[in-house]
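Asker: Sharing upload_31.txt here; it has compact mmCIF, C-alpha atoms.
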```txt
# COMPACT_ATOMS: atom_id res chain seq x y z
CA MET A 1 30.57 -43.50 44.20
CA ASN A 2 28.97 -44.16 40.82
CA SER A 3 29.70 -47.35 38.88
CA THR A 4 32.49 -45.75 36.82
CA GLU A 5 34.26 -44.47 39.92
CA LYS A 6 33.85 -47.82 41.66
CA LEU A 7 35.38 -49.68 38.72
CA PHE A 8 38.28 -47.24 38.47
CA ALA A 9 38.95 -47.41 42.22
CA LEU A 10 38.86 -51.21 42.02
CA LYS A 11 41.43 -51.28 39.19
CA VAL A 12 43.76 -48.81 40.90
CA SER A 13 43.49 -50.74 44.17
CA LEU A 14 44.28 -53.99 42.35
CA ILE A 15 47.38 -52.47 40.71
CA MET A 16 48.57 -51.14 44.04
CA SER A 17 47.69 -54.33 45.90
CA VAL A 18 49.30 -56.73 43.42
CA ARG A 19 52.51 -54.70 43.44
CA MET A 20 52.54 -54.27 47.21
CA LEU A 21 51.78 -57.97 47.68
CA GLY A 22 55.04 -58.69 45.89
CA LEU A 23 56.96 -56.32 48.14
CA PHE A 24 55.25 -57.34 51.38
CA MET A 25 55.85 -61.08 50.83
CA LEU A 26 59.54 -60.48 51.50
CA PHE A 27 59.00 -58.93 54.93
CA PRO A 28 58.38 -62.11 56.98
CA VAL A 29 61.09 -64.16 55.22
CA MET A 30 63.99 -61.94 54.16
CA SER A 31 65.78 -61.79 57.51
CA LEU A 32 65.45 -65.57 57.91
CA TYR A 33 66.49 -66.76 54.43
CA ALA A 34 68.88 -64.04 53.25
CA GLY A 35 71.59 -65.42 55.54
CA ASP A 36 72.07 -68.23 53.00
CA TYR A 37 73.36 -65.83 50.32
CA ASP A 38 77.10 -65.33 49.75
CA ARG A 39 78.64 -62.40 51.70
CA SER A 40 75.50 -62.01 53.84
CA THR A 41 75.63 -59.85 57.01
CA PRO A 42 72.83 -58.42 59.21
CA PHE A 43 73.50 -54.96 57.76
CA LEU A 44 73.26 -56.19 54.15
CA ILE A 45 70.09 -58.11 55.02
CA GLY A 46 68.66 -54.87 56.39
CA MET A 47 69.73 -53.14 53.19
CA ALA A 48 68.04 -55.85 51.11
CA ILE A 49 64.84 -55.23 53.04
CA GLY A 50 65.01 -51.44 52.90
CA ILE A 51 67.05 -50.40 49.83
CA TYR A 52 64.02 -50.35 47.56
CA GLY A 53 62.73 -47.56 49.80
CA LEU A 54 65.74 -45.39 48.90
CA THR A 55 65.22 -45.66 45.14
CA GLN A 56 61.48 -45.21 45.65
CA ALA A 57 62.23 -42.08 47.68
CA LEU A 58 64.56 -40.68 45.03
CA LEU A 59 62.17 -41.30 42.13
CA GLN A 60 58.66 -40.66 43.51
CA ILE A 61 58.87 -36.92 42.86
CA PRO A 62 60.27 -37.27 39.29
CA PHE A 63 57.64 -39.93 38.49
CA GLY A 64 54.86 -37.75 39.95
CA TYR A 65 56.06 -34.73 37.99
CA LEU A 66 56.43 -36.73 34.75
CA SER A 67 52.91 -38.07 35.19
CA ASP A 68 51.64 -34.48 35.46
CA ARG A 69 53.60 -33.66 32.30
CA PHE A 70 52.95 -36.73 30.10
CA GLY A 71 49.95 -38.47 31.68
CA ARG A 72 49.60 -41.15 34.33
CA LYS A 73 49.26 -44.34 32.26
CA PRO A 74 52.57 -44.37 30.31
CA ILE A 75 54.53 -43.58 33.46
CA LEU A 76 52.82 -46.47 35.27
CA ILE A 77 53.91 -48.90 32.52
CA ILE A 78 57.51 -47.66 32.64
CA GLY A 79 57.61 -48.01 36.42
CA LEU A 80 56.27 -51.57 36.35
CA LEU A 81 58.82 -52.58 33.69
CA ILE A 82 61.65 -51.33 35.93
CA PHE A 83 60.11 -53.25 38.84
CA LEU A 84 60.03 -56.42 36.70
CA LEU A 85 63.71 -55.98 35.79
CA GLY A 86 64.66 -55.72 39.47
CA SER A 87 62.73 -58.90 40.29
CA ILE A 88 64.58 -60.79 37.54
CA VAL A 89 67.99 -59.57 38.78
CA ALA A 90 67.22 -60.63 42.38
CA ALA A 91 65.88 -64.02 41.24
CA ASN A 92 69.07 -64.90 39.34
CA THR A 93 71.78 -64.54 41.99
CA SER A 94 73.28 -66.29 44.99
CA ASN A 95 75.08 -63.13 46.19
CA ILE A 96 73.43 -60.78 48.67
CA ILE A 97 74.99 -57.78 46.87
CA PHE A 98 73.01 -58.54 43.72
CA VAL A 99 69.87 -59.08 45.78
CA VAL A 100 70.38 -55.54 47.10
CA ILE A 101 70.87 -54.29 43.52
CA GLY A 102 67.71 -56.10 42.38
CA ARG A 103 65.75 -54.65 45.27
CA ALA A 104 67.06 -51.18 44.38
CA LEU A 105 65.78 -51.67 40.82
CA GLN A 106 62.41 -52.84 42.18
CA GLY A 107 62.20 -49.55 44.02
CA GLY A 108 63.08 -47.74 40.78
CA GLY A 109 59.52 -48.47 39.63
CA ALA A 110 58.27 -45.60 41.77
CA ILE A 111 54.59 -45.52 40.80
CA SER A 112 52.80 -45.11 44.15
CA ALA A 113 52.47 -41.33 43.81
CA VAL A 114 51.28 -41.69 40.22
CA LEU A 115 48.57 -44.17 41.24
CA MET A 116 47.40 -41.95 44.09
CA ALA A 117 47.27 -38.93 41.80
CA PHE A 118 45.45 -40.94 39.09
CA LEU A 119 42.85 -41.96 41.66
CA ALA A 120 42.39 -38.39 42.88
CA ASP A 121 42.06 -37.15 39.28
CA SER A 122 39.30 -39.61 38.44
CA ILE A 123 37.19 -39.60 41.62
CA SER A 124 34.98 -36.69 42.66
CA GLU A 125 36.07 -34.78 45.74
CA ASP A 126 33.03 -35.95 47.73
CA ASN A 127 33.95 -39.60 47.13
CA ARG A 128 37.73 -39.29 47.34
CA ALA A 129 37.98 -40.26 51.01
CA LYS A 130 35.91 -43.39 50.33
CA ALA A 131 38.09 -44.31 47.37
CA ASN A 132 41.29 -43.83 49.37
CA ALA A 133 39.88 -45.87 52.22
CA PHE A 134 38.96 -48.62 49.74
CA VAL A 135 42.49 -48.65 48.31
CA GLY A 136 43.91 -48.65 51.82
CA PHE A 137 41.71 -51.60 52.71
CA GLN A 138 42.89 -53.50 49.62
CA ILE A 139 46.51 -52.83 50.52
CA GLY A 140 45.75 -54.11 54.01
CA VAL A 141 44.32 -57.30 52.51
CA ALA A 142 47.47 -57.63 50.36
CA PHE A 143 49.57 -57.17 53.48
CA MET A 144 47.59 -59.88 55.27
CA LEU A 145 47.91 -62.30 52.36
CA SER A 146 51.62 -61.57 51.98
CA LEU A 147 52.36 -62.59 55.56
CA ILE A 148 50.69 -65.94 54.89
CA ILE A 149 51.75 -66.60 51.29
CA GLY A 150 55.35 -65.36 51.56
CA PRO A 151 56.52 -67.99 54.06
CA LEU A 152 54.60 -70.76 52.24
CA ILE A 153 56.19 -69.95 48.87
CA THR A 154 59.68 -69.40 50.26
CA SER A 155 59.68 -72.61 52.31
CA ARG A 156 59.07 -74.54 49.08
CA ILE A 157 60.99 -72.72 46.32
CA GLY A 158 63.31 -70.37 48.23
CA LEU A 159 63.82 -66.62 47.93
CA SER A 160 64.82 -66.97 44.27
CA GLY A 161 61.47 -68.56 43.48
CA LEU A 162 59.69 -65.86 45.47
CA PHE A 163 61.35 -63.18 43.34
CA TRP A 164 60.09 -64.94 40.20
CA VAL A 165 56.56 -64.89 41.65
CA ILE A 166 56.95 -61.18 42.39
CA GLY A 167 57.99 -60.60 38.77
CA LEU A 168 54.87 -62.40 37.58
CA LEU A 169 52.73 -60.17 39.80
CA SER A 170 54.25 -57.08 38.16
CA ILE A 171 53.17 -58.41 34.74
CA ILE A 172 49.62 -58.86 36.07
CA ALA A 173 49.72 -55.24 37.32
CA MET A 174 50.78 -54.07 33.84
CA LEU A 175 47.83 -55.86 32.24
CA ILE A 176 45.47 -54.04 34.62
CA VAL A 177 47.11 -50.70 33.77
CA LEU A 178 46.56 -51.38 30.06
CA SER A 179 42.83 -51.79 30.75
CA LEU A 180 42.60 -48.23 32.11
CA GLU A 181 41.49 -45.33 29.96
CA HIS A 182 44.38 -43.39 28.46
CA SER A 183 45.22 -40.44 30.68
CA LYS A 184 45.90 -37.00 29.29
CA PRO A 185 48.48 -34.69 30.88
CA ILE A 186 46.91 -32.84 33.80
CA ASN A 187 49.07 -29.76 33.96
CA TYR A 188 52.39 -28.41 32.79
CA TYR A 189 54.46 -26.39 35.15
CA ARG A 190 58.16 -25.78 35.61
CA LEU A 191 59.61 -27.89 38.42
CA SER A 192 61.06 -25.15 40.59
CA PHE A 193 61.63 -24.11 44.17
CA ASP A 194 58.31 -22.25 44.15
CA ALA A 195 56.50 -25.42 43.03
CA PHE A 196 58.06 -27.39 45.89
CA ARG A 197 57.28 -24.63 48.37
CA GLU A 198 53.61 -24.77 47.42
CA THR A 199 53.53 -28.49 48.27
CA LEU A 200 55.35 -28.08 51.59
CA SER A 201 52.83 -26.41 53.85
CA ARG A 202 53.09 -27.18 57.57
CA GLU A 203 50.13 -29.51 57.31
CA LEU A 204 51.65 -31.46 54.41
CA ILE A 205 55.01 -31.67 56.20
CA ALA A 206 53.23 -33.24 59.19
CA LEU A 207 51.65 -35.82 56.88
CA ASP A 208 54.96 -36.52 55.15
CA PHE A 209 56.72 -37.07 58.48
CA SER A 210 53.86 -39.31 59.62
CA VAL A 211 54.15 -41.68 56.65
CA PHE A 212 57.97 -41.59 56.98
CA SER A 213 57.80 -42.68 60.62
CA LEU A 214 55.12 -45.31 60.01
CA HIS A 215 57.13 -47.15 57.38
CA LEU A 216 60.41 -46.75 59.24
CA ILE A 217 58.84 -48.59 62.17
CA LEU A 218 57.39 -51.24 59.84
CA ALA A 219 60.74 -51.95 58.12
CA SER A 220 62.70 -52.04 61.37
CA GLY A 221 60.07 -54.22 63.04
CA PHE A 222 60.13 -56.82 60.30
CA ILE A 223 63.88 -57.25 60.61
CA VAL A 224 63.30 -58.30 64.20
CA MET A 225 59.87 -59.96 64.45
CA PRO A 226 60.49 -62.98 62.16
CA LEU A 227 63.71 -63.75 64.05
CA LEU A 228 61.97 -63.39 67.42
CA ILE A 229 59.29 -65.85 66.27
CA MET A 230 61.98 -68.41 65.50
CA GLU A 231 64.17 -67.69 68.55
CA ASN A 232 61.23 -68.00 70.95
CA GLN A 233 59.87 -71.04 69.07
CA ILE A 234 56.45 -69.40 68.83
CA VAL A 235 55.53 -71.09 65.53
CA SER A 236 57.50 -72.71 62.70
CA MET A 237 58.10 -70.74 59.51
CA ILE A 238 55.55 -72.68 57.49
CA ASP A 239 52.96 -72.18 60.25
CA ASN A 240 53.43 -68.40 60.47
CA TRP A 241 49.88 -67.97 59.19
CA GLN A 242 48.61 -69.22 62.57
CA LEU A 243 50.04 -66.05 64.09
CA TYR A 244 49.70 -63.48 61.30
CA LEU A 245 46.22 -64.40 60.03
CA PRO A 246 44.32 -63.92 63.31
CA ALA A 247 46.37 -60.80 64.12
CA VAL A 248 45.54 -59.12 60.82
CA LEU A 249 41.87 -60.20 60.87
CA LEU A 250 41.44 -58.90 64.41
CA SER A 251 43.21 -55.69 63.42
CA PHE A 252 40.68 -55.05 60.64
CA ILE A 253 37.87 -55.44 63.18
CA GLY A 254 39.71 -53.05 65.50
CA MET A 255 40.37 -50.40 62.88
CA ILE A 256 36.77 -50.12 61.63
CA PRO A 257 35.44 -48.08 64.58
CA LEU A 258 38.55 -45.87 64.47
CA ILE A 259 38.02 -45.09 60.78
CA ILE A 260 34.30 -44.41 61.38
CA ILE A 261 35.08 -42.01 64.23
CA SER A 262 37.74 -40.32 62.10
CA GLU A 263 35.49 -39.78 59.06
CA LYS A 264 31.96 -39.56 60.46
CA PHE A 265 32.70 -37.55 63.59
CA LYS A 266 35.60 -35.56 62.08
CA LYS A 267 38.14 -36.56 64.71
CA THR A 268 41.01 -37.41 62.38
CA LYS A 269 43.81 -35.84 64.41
CA TYR A 270 42.68 -37.53 67.64
CA ILE A 271 42.48 -40.94 65.97
CA LEU A 272 45.93 -40.40 64.46
CA LEU A 273 47.35 -39.58 67.91
CA LEU A 274 45.63 -42.62 69.42
CA SER A 275 46.98 -44.88 66.69
CA ILE A 276 50.55 -43.62 67.17
CA PHE A 277 50.14 -44.23 70.92
CA LEU A 278 49.08 -47.83 70.18
CA LEU A 279 52.20 -48.25 68.03
CA ILE A 280 54.35 -47.06 70.94
CA ILE A 281 52.62 -49.53 73.29
CA SER A 282 53.21 -52.41 70.87
CA GLN A 283 56.91 -51.61 70.57
CA ILE A 284 57.30 -51.34 74.35
CA ILE A 285 55.62 -54.74 74.87
CA PHE A 286 57.89 -56.34 72.25
CA TYR A 287 60.89 -54.83 74.05
CA ILE A 288 60.11 -55.75 77.67
CA SER A 289 58.09 -59.00 77.45
CA ASN A 290 59.04 -62.64 77.53
CA LEU A 291 57.30 -63.57 74.32
CA ASN A 292 55.00 -66.55 73.88
CA PHE A 293 52.25 -67.19 71.33
CA SER A 294 49.51 -65.30 73.21
CA ILE A 295 51.61 -62.23 74.03
CA PHE A 296 53.00 -62.07 70.51
CA LEU A 297 49.52 -62.38 68.98
CA ILE A 298 48.05 -59.64 71.18
CA THR A 299 50.98 -57.29 70.57
CA LEU A 300 51.00 -57.94 66.83
CA THR A 301 47.25 -57.21 66.72
CA ILE A 302 47.74 -53.88 68.49
CA PHE A 303 50.50 -53.05 66.02
CA PHE A 304 48.37 -53.88 62.98
CA VAL A 305 45.31 -52.00 64.29
CA ALA A 306 47.46 -48.88 64.55
CA PHE A 307 49.31 -49.44 61.28
CA ASN A 308 46.21 -50.13 59.17
CA THR A 309 44.31 -47.18 60.66
CA ILE A 310 47.13 -44.73 59.96
CA GLU A 311 47.70 -46.18 56.48
CA ALA A 312 44.04 -45.49 55.63
CA ILE A 313 43.88 -42.01 57.21
CA LEU A 314 46.99 -40.39 55.73
CA PRO A 315 46.18 -40.63 51.97
CA SER A 316 42.69 -39.29 52.62
CA LEU A 317 44.10 -36.30 54.48
CA LEU A 318 46.65 -35.71 51.75
CA SER A 319 44.12 -35.80 48.90
CA LYS A 320 42.04 -33.16 50.70
CA THR A 321 45.03 -30.94 51.39
CA ALA A 322 47.02 -31.01 48.13
CA SER A 323 45.91 -28.68 45.32
CA ALA A 324 44.65 -30.33 42.13
CA SER A 325 47.16 -28.57 39.87
CA MET A 326 50.17 -30.02 41.71
CA ARG A 327 48.68 -33.19 43.11
CA GLY A 328 51.20 -35.43 41.35
CA LEU A 329 54.11 -33.51 42.87
CA ALA A 330 52.53 -33.46 46.35
CA MET A 331 51.82 -37.19 46.14
CA GLY A 332 55.42 -37.68 45.01
CA ILE A 333 56.78 -35.92 48.09
CA PHE A 334 54.44 -37.95 50.32
CA SER A 335 55.49 -41.24 48.74
CA THR A 336 59.14 -40.18 48.87
CA SER A 337 58.77 -39.73 52.61
CA GLN A 338 57.11 -43.15 52.92
CA PHE A 339 59.83 -45.04 51.11
CA LEU A 340 62.66 -43.05 52.65
CA GLY A 341 61.26 -44.25 55.98
CA THR A 342 61.38 -47.83 54.70
CA PHE A 343 65.02 -47.44 53.64
CA ILE A 344 66.18 -45.77 56.85
CA GLY A 345 64.20 -48.24 58.95
CA GLY A 346 65.79 -51.21 57.18
CA ALA A 347 69.31 -49.77 57.13
CA ILE A 348 69.43 -48.46 60.71
CA GLY A 349 67.48 -51.43 62.06
CA GLY A 350 69.97 -53.81 60.44
CA LEU A 351 72.89 -51.75 61.70
CA ILE A 352 71.57 -51.70 65.29
CA TYR A 353 71.02 -55.48 65.14
CA ASP A 354 74.55 -55.94 63.76
CA ILE A 355 76.20 -53.82 66.48
CA TYR A 356 73.98 -54.54 69.49
CA ASP A 357 71.15 -57.09 69.50
CA LEU A 358 67.63 -57.72 68.23
CA ASN A 359 65.85 -56.11 71.15
CA SER A 360 67.73 -52.83 70.75
CA VAL A 361 65.92 -52.21 67.46
CA PHE A 362 62.71 -51.67 69.44
CA LEU A 363 64.35 -48.89 71.46
CA PHE A 364 64.98 -47.13 68.16
CA THR A 365 61.36 -47.52 66.97
CA ILE A 366 59.99 -46.37 70.35
CA PHE A 367 62.15 -43.23 70.17
CA VAL A 368 60.96 -42.41 66.62
CA ALA A 369 57.30 -43.02 67.51
CA ILE A 370 57.46 -40.71 70.55
CA ILE A 371 58.94 -37.88 68.44
CA TRP A 372 56.23 -38.50 65.83
CA TRP A 373 53.43 -38.34 68.44
CA PHE A 374 54.59 -34.95 69.72
CA MET A 375 55.01 -33.60 66.18
CA VAL A 376 51.41 -34.52 65.33
CA LEU A 377 50.18 -33.16 68.66
CA PHE A 378 51.60 -29.71 67.89
CA SER A 379 50.97 -29.82 64.14
CA PRO A 380 48.41 -27.68 62.29
CA LEU A 381 46.44 -30.75 61.19
CA LYS A 382 42.78 -29.85 61.45
CA THR A 383 40.90 -31.90 64.04
CA LYS A 384 37.78 -31.61 61.86
CA THR A 385 39.35 -32.49 58.50
```
Show this structure as structure tokens.
Answerer:
Amino acid sequence: MNSTEKLFALKVSLIMSVRMLGLFMLFPVMSLYAGDYDRSTPFLIGMAIGIYGLTQALLQIPFGYLSDRFGRKPILIIGLLIFLLGSIVAANTSNIIFVVIGRALQGGGAISAVLMAFLADSISEDNRAKANAFVGFQIGVAFMLSLIIGPLITSRIGLSGLFWVIGLLSIIAMLIVLSLEHSKPINYYRLSFDAFRETLSRELIALDFSVFSLHLILASGFIVMPLLIMENQIVSMIDNWQLYLPAVLLSFIGMIPLIIISEKFKKTKYILLLSIFLLIISQIIFYISNLNFSIFLITLTIFFVAFNTIEAILPSLLSKTASASMRGLAMGIFSTSQFLGTFIGGAIGGLIYDIYDLNSVFLFTIFVAIIWWFMVLFSPLKTKT
């Protein structure tokens, strides 16, 4: 990439990372602290974790289309303002219902597809995979930091204080957006059935289902894992970093050869299948094992190796597959699938925990991952993409 492309990719990755940092910080603490809110139940806690995924899913396509129609930058600002409003609502309540409403508003700032399309617009096709991998890496770093910072902040100032910090991060993201060059509308087309049909090839459907399943498993897993850490007395809440930090660092080391094989040797489909298999293994170990620090660390590392690899591969595949004229719409459908997975994972995971027990949630994630593996196996994804 030339210097202009590098700077643009850096800014886009920072916007995405700062926003995702705010969302990810809730994952390791929500199921532990949300029980202190009025009218709290396991199902409503699951909804508080996952509801933002529903509003994200509903609005990714409209935001992507509007960014094609009116330009990327103004739509990004609008989305971040809605996200800020949701953070303020969630920070100013002691009732779990209003936390759910605030989280739904956070999801209303559905800018992921717009950012991905903006990146694809501004980076040459030869460098697009590198740019997507760079953004994916930055999101991975944000995820790592969130698992460490979230518990530290919440243990000191509570969930309300954490929501205020998340609101501040959205303001920082807006300032970065303002530093970007003004974007002109890319294309005008009528949003119709034919437009959707063009963005729903068999290959794109396989990618959409992949990101749906990945984030469903993530949301369900993070209802259970923080509670398992406490129940098995693996580490205290404030010392969670002793578990998450080495797991994420080791996972980055583990994902590097997988990404190299995927890109350099053109074995993307095989690496995707391997990564899904590793996810299945991690969920099975969580389900059947008597957990201690070592087992939890190893299993969490396997999970993060698979998650980070898939998270980096999928956007690169999508950017190569979607046509330039409808990239915003295609990215919107992809991001809709991602956040719908988050919502369903949080809602069904919370419901299973409410009706049965913690461990039963892993049976659900194992079942989804197995279906996903077979769908990718028989999909038209090109092994040499």
Asker: Separation of CA of Phe212 in chain A and CA of Ala91 in chain A, in Å?
Answerer: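 Pair CA of Phe212 in chain A / CA of Ala91 in chain A returns 28.5 Å.
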Asker: For Tyr244 in chain A, which residue out of A:Thr301, A:Thr4, A:Ser213, A:Gln283 is the nearest one, using only C-alpha atoms?
Answerer: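 Nearest to Tyr244 in chain A: A:Thr301.
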Asker: Given the point (59.6, -44.4, 60.2) in the coordinates of this file, which residues lie within 12 Å, counting only C-alpha atoms, and how would they look as JSON, numbers by chain?
Answerer: {"A": [50, 53, 208, 209, 210, 211, 212, 213, 214, 215, 216, 217, 218, 219, 220, 221, 276, 279, 307, 337, 338, 339, 340, 341, 342, 343, 344, 345, 346, 347, 348, 349, 364, 365, 366, 367, 368, 369, 370, 371, 372, 373]}
Asker: Give the answer as one residue: which of A:Thr93, A:Ser124, A:Ile148, A:Asn290 has the shortest atom-to-atom distance to Leu228 in chain A, using only C-alpha atoms?
Answerer: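 Closest to Leu228 in chain A of all the choices is A:Asn290.
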Asker: One decimal, Å: what's the distance from CA of Ile49 in chain A over to CA of Trp164 in chain A, could you say?
Answerer: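 Going from CA of Ile49 in chain A over to CA of Trp164 in chain A covers 16.8 Å.
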Asker: Pick out the closest residue to Leu227 in chain A from this set: A:Leu258, A:Leu105, A:Met30, A:Ala117. Count all atoms listed in the file.
Answerer: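 Among the listed residues, the smallest separation from Leu227 in chain A belongs to A:Met30.
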Asker: Hey, can you pull every residue with an atom no more than 9 Å from (68.6, -46.9, 46.7), using all atoms listed in the file, and send it as a list in words?
Answerer: Gly50, Ile51, Tyr52, Gly53, Leu54, Thr55, Gln56, Ala57, Leu58, Val100, Ile101, Arg103, Ala104, Leu105, Gly107, Gly108 and Phe343 of chain A
Asker: I'd like the contact shell of range 167-177 of chain A - 6 Å cut-off, only C-alpha atoms, skipping same-chain residues fewer than 5 positions apart - returned as a PyMOL selection string.
Answerer: chain A and resi 15+84+87
Asker: List as number ranges by chain the protein and nucleic acid residues near range 75-77 of chain A, meaning an atom at most 12 Å away when all atoms listed in the file are counted, but skip any in the same chain fewer than 6 places from it.
Answerer: A: 12, 15-16, 19, 59-60, 62-69, 83-84, 108-118, 170-180, 182-185, 328
Asker: What lies within 8 Å of Glu203 in chain A using all atoms listed in the file, ignoring chain neighbours under 6 positions off, as a VMD selection string?
Answerer: chain A and resid 321 379 to 381
Asker: How many Å lie between CA of Glu231 in chain A and CA of Arg156 in chain A, rounded to one decimal?
Answerer: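 So the answer is 21.3 Å.
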Asker: Taking into account all atoms listed in the file, which residue in the set A:Gly254, A:Gly102, A:Gly161, A:Gly332 is nearest to Asn308 in chain A?
Answerer: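 Checking each of A:Gly254, A:Gly102, A:Gly161, A:Gly332 against Asn308 in chain A, counting all atoms listed in the file, the winner is A:Gly254.
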Asker: Write out as a PyMOL selection string the residues lying within 10 Å of Ser40 in chain A, counting only C-alpha atoms and excluding same-chain residues fewer than 4 positions away.
Answerer: chain A and resi 34-36+44-45+95-97
Asker: Which polymer residues have any atom within 9 Å of an atom of range 139-143 of chain A, counting all atoms listed in the file, with same-chain residues fewer than 5 positions away left out, as a list in words?
Answerer: Ser13, Leu14, Met16, Ser17, Val18, Met20, Leu21, Gly22, Phe24, Met25, Phe134, Ile148, Val248, Phe252, Asn308, Glu311 and Ala312 of chain A
Asker: So, counting all atoms listed in the file, which residue among A:Leu10, A:Asp354, A:Ile302, A:Asn292 is closest to Met255 in chain A?
Answerer: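 When distances to Met255 in chain A are compared using all atoms listed in the file, the smallest one comes from A:Ile302.
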Asker: Which is closer to Phe296 in chain A than all the others in A:Gln242, A:Ser3, A:Thr41, A:Thr154, using only C-alpha atoms?
Answerer: A:Gln242
